[in-house]
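Here's the structure we're looking at; comments come further down.
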Amino acid sequence: MNHLYRIAGAALWLGAVSLPAQAQSFKVAKYNIGGEGGTDYLTAEPGTGRVFVSRGTHVMVIDGATGKVLGDIPDTPRTHGIALVAKSKHGFTTNGGDSTVTMFDLQTLAVIRKIKVPSGGLDGIMYDDYSDRVILTNHSRPIGTATALDANTGDIVGEAKLEDDAPEGAASDGAGKLFVNNEGKNTIQVLDAKTMAVLASWPLAPCDGPTGIAYDRPSQRIFSGCGNTSVVVDPATGKVIANITNGDGVDALGWDGSDKLIYIPAGRAGNVTVVRQDGPDKYTVVATVETMRGAKTIAVDPIRHMAYLFQPEYGPPPAGTPAPAPGQRGPRGPIVAAWFFAISH
């Protein structure tokens, strides 16, 4: 099932709002890809069109251009994220349910091994090309950890203890430093990519709850996705040098370095704020693209210049289900559709 919409600037599917200065036009294709399970992160493979979507107990591989299911990686209990390493032709998933990482063949999708990670709390994952390692950011207890795996063997080769039990996204400057968002402390911690030693901790005010992160190497800037106000950080000083207004419910961030566009998804608002980098210290919101409530993570293919989101649609809970306590989310009904969004311009 495919739906195609065109969004000019911030003109949304369900109405229009005032257009920002120098607005850009974006198209959204929407596909029902089916399948079972909830979701967390998704990852786009640069240039191939393949998108890896976490589904709770398995990972679906989708053709981003058509929404067609290309393959499936099984036995990934409570999976969160996926990292892809073109150099070694390996992929990795973080499985919170059994504290393992699934290492798979990037071409065949065949599972190579499952790696036990004793610290537990597996969540975020990324590849650092400088150290040729896969970096895990773990909601370990009592304190969060960042674990380094050899991208060729999958062996654990290092670990850092962080200052927060809720580390989220991590990014690399490609020159020996890693940057980890701490959602609870509202900080970025800086790690040495080889030794995993903690080098610094920077406050991110006015950011609240930093999650998604990206590093722009040409301009030497860090982008941290936060609730309502995301921030741009100078890694030379650790100072916040720009604020970006976006919707609430951010859990990831996408960066297309060629197009100089930042994509900030807001799950509570049901939209994506698109921001253009006009210079290292200047950022302009050029569009607000409507997706759906709950779609809080995003993946960007910087070669095809596409951004992707995914969110299941749930039906009502069974009759007689007790109402949730105040401030709590009630039980969900069955999945009635599985919506995959592809944004282009």
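Quick note on naming: the chains in the structure tokens go A, B, ... in the order shown, residues restart at 1 in each chain, and ligands are numbered from 1 in order of appearance.
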Looking only at the backbone, which of the residues in segment 31-274 of chain A does DSSP tag as strand (DSSP E), as number ranges by chain? A: 31-32, 42-44, 50-54, 59-63, 69-73, 79-85, 90-95, 100-105, 111-116, 122-128, 133-138, 145-150, 156-161, 167-172, 177-182, 187-192, 198-203, 213-216, 221-224, 229-234, 239-245, 254-256, 261-266, 271-274
Skipping near chain neighbours, those fewer than 3 positions away, what residues fall within 10 Å of Pro280 of chain A using only C-alpha atoms, listed as JSON, numbers by chain? {"A": [216, 218, 219, 220, 221, 222, 232, 233, 234, 241, 242, 277, 283]}
Save out the residues we just selected, N, CA and C atoms, as a short mmCIF file (atom, residue, chain, number, x, y, z; two decimals), in the first residue's frame.
data_model
loop_
_atom_site.label_atom_id
_atom_site.label_comp_id
_atom_site.auth_asym_id
_atom_site.auth_seq_id
_atom_site.Cartn_x
_atom_site.Cartn_y
_atom_site.Cartn_z
N ASP A 216 29.28 16.74 12.09
CA ASP A 216 29.63 17.25 10.77
C ASP A 216 31.13 17.56 10.76
N PRO A 218 33.29 18.50 8.18
CA PRO A 218 33.80 19.71 7.52
C PRO A 218 33.67 20.98 8.37
N SER A 219 32.53 21.14 9.05
CA SER A 219 32.33 22.37 9.84
C SER A 219 32.72 22.19 11.30
N GLN A 220 33.09 20.95 11.69
CA GLN A 220 33.44 20.66 13.08
C GLN A 220 32.33 21.11 14.03
N ARG A 221 31.16 20.51 13.84
CA ARG A 221 30.01 20.79 14.69
C ARG A 221 29.31 19.49 15.06
N ILE A 222 28.77 19.46 16.29
CA ILE A 222 27.97 18.34 16.78
C ILE A 222 26.52 18.79 16.84
N VAL A 232 23.45 22.85 18.77
CA VAL A 232 24.67 22.69 17.99
C VAL A 232 25.83 23.01 18.92
N VAL A 233 26.83 22.12 18.94
CA VAL A 233 27.94 22.24 19.88
C VAL A 233 29.26 22.36 19.12
N ASP A 234 30.13 23.23 19.61
CA ASP A 234 31.48 23.36 19.08
C ASP A 234 32.37 22.36 19.83
N ILE A 241 26.50 26.57 20.62
CA ILE A 241 26.63 27.81 19.84
C ILE A 241 25.37 28.12 19.02
N ALA A 242 24.39 27.20 18.99
CA ALA A 242 23.13 27.48 18.30
C ALA A 242 22.04 26.59 18.86
N GLN A 277 21.82 23.85 7.34
CA GLN A 277 23.02 24.48 7.87
C GLN A 277 23.49 25.52 6.86
N TYR A 283 21.67 28.27 11.39
CA TYR A 283 20.78 27.16 11.04
C TYR A 283 19.36 27.69 10.84
#
Close residues, Ile135 of chain A itself excluded, 8 Å, only C-alpha atoms, min 6 positions apart in chain, as a PyMOL selection string: chain A and resi 125-128+146-149+170
So the first atom is atom CA of Asp251 of chain A and the second is atom CA of Gly212 of chain A; what is the distance between them in Å, to one decimal place?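 Rounded to one decimal, the two atoms are 5.7 Å apart.
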List the spatial neighbours of segment 327-332 of chain A as a list in words - criterion: any atom at most 9 Å away, only C-alpha atoms, same-chain residues fewer than 6 positions off excluded.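 Using only C-alpha atoms, the neighbours found are Tyr314, Gly315, Pro316, Pro317, Pro318 and Thr321 of chain A.
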Would you mind exporting C-alpha atoms of the selected residues as a PDB file, in the first residue's frame?
ATOM      1  CA  TYR A 314      -2.011  -0.041  16.880  1.00  0.00           C
ATOM      2  CA  GLY A 315      -5.690  -0.795  17.173  1.00  0.00           C
ATOM      3  CA  PRO A 316      -7.717  -0.364  20.371  1.00  0.00           C
ATOM      4  CA  PRO A 317      -6.946  -2.653  23.320  1.00  0.00           C
ATOM      5  CA  PRO A 318      -9.332  -5.565  23.979  1.00  0.00           C
ATOM      6  CA  THR A 321      -8.844  -3.603  29.505  1.00  0.00           C
TER       7      THR A 321
END
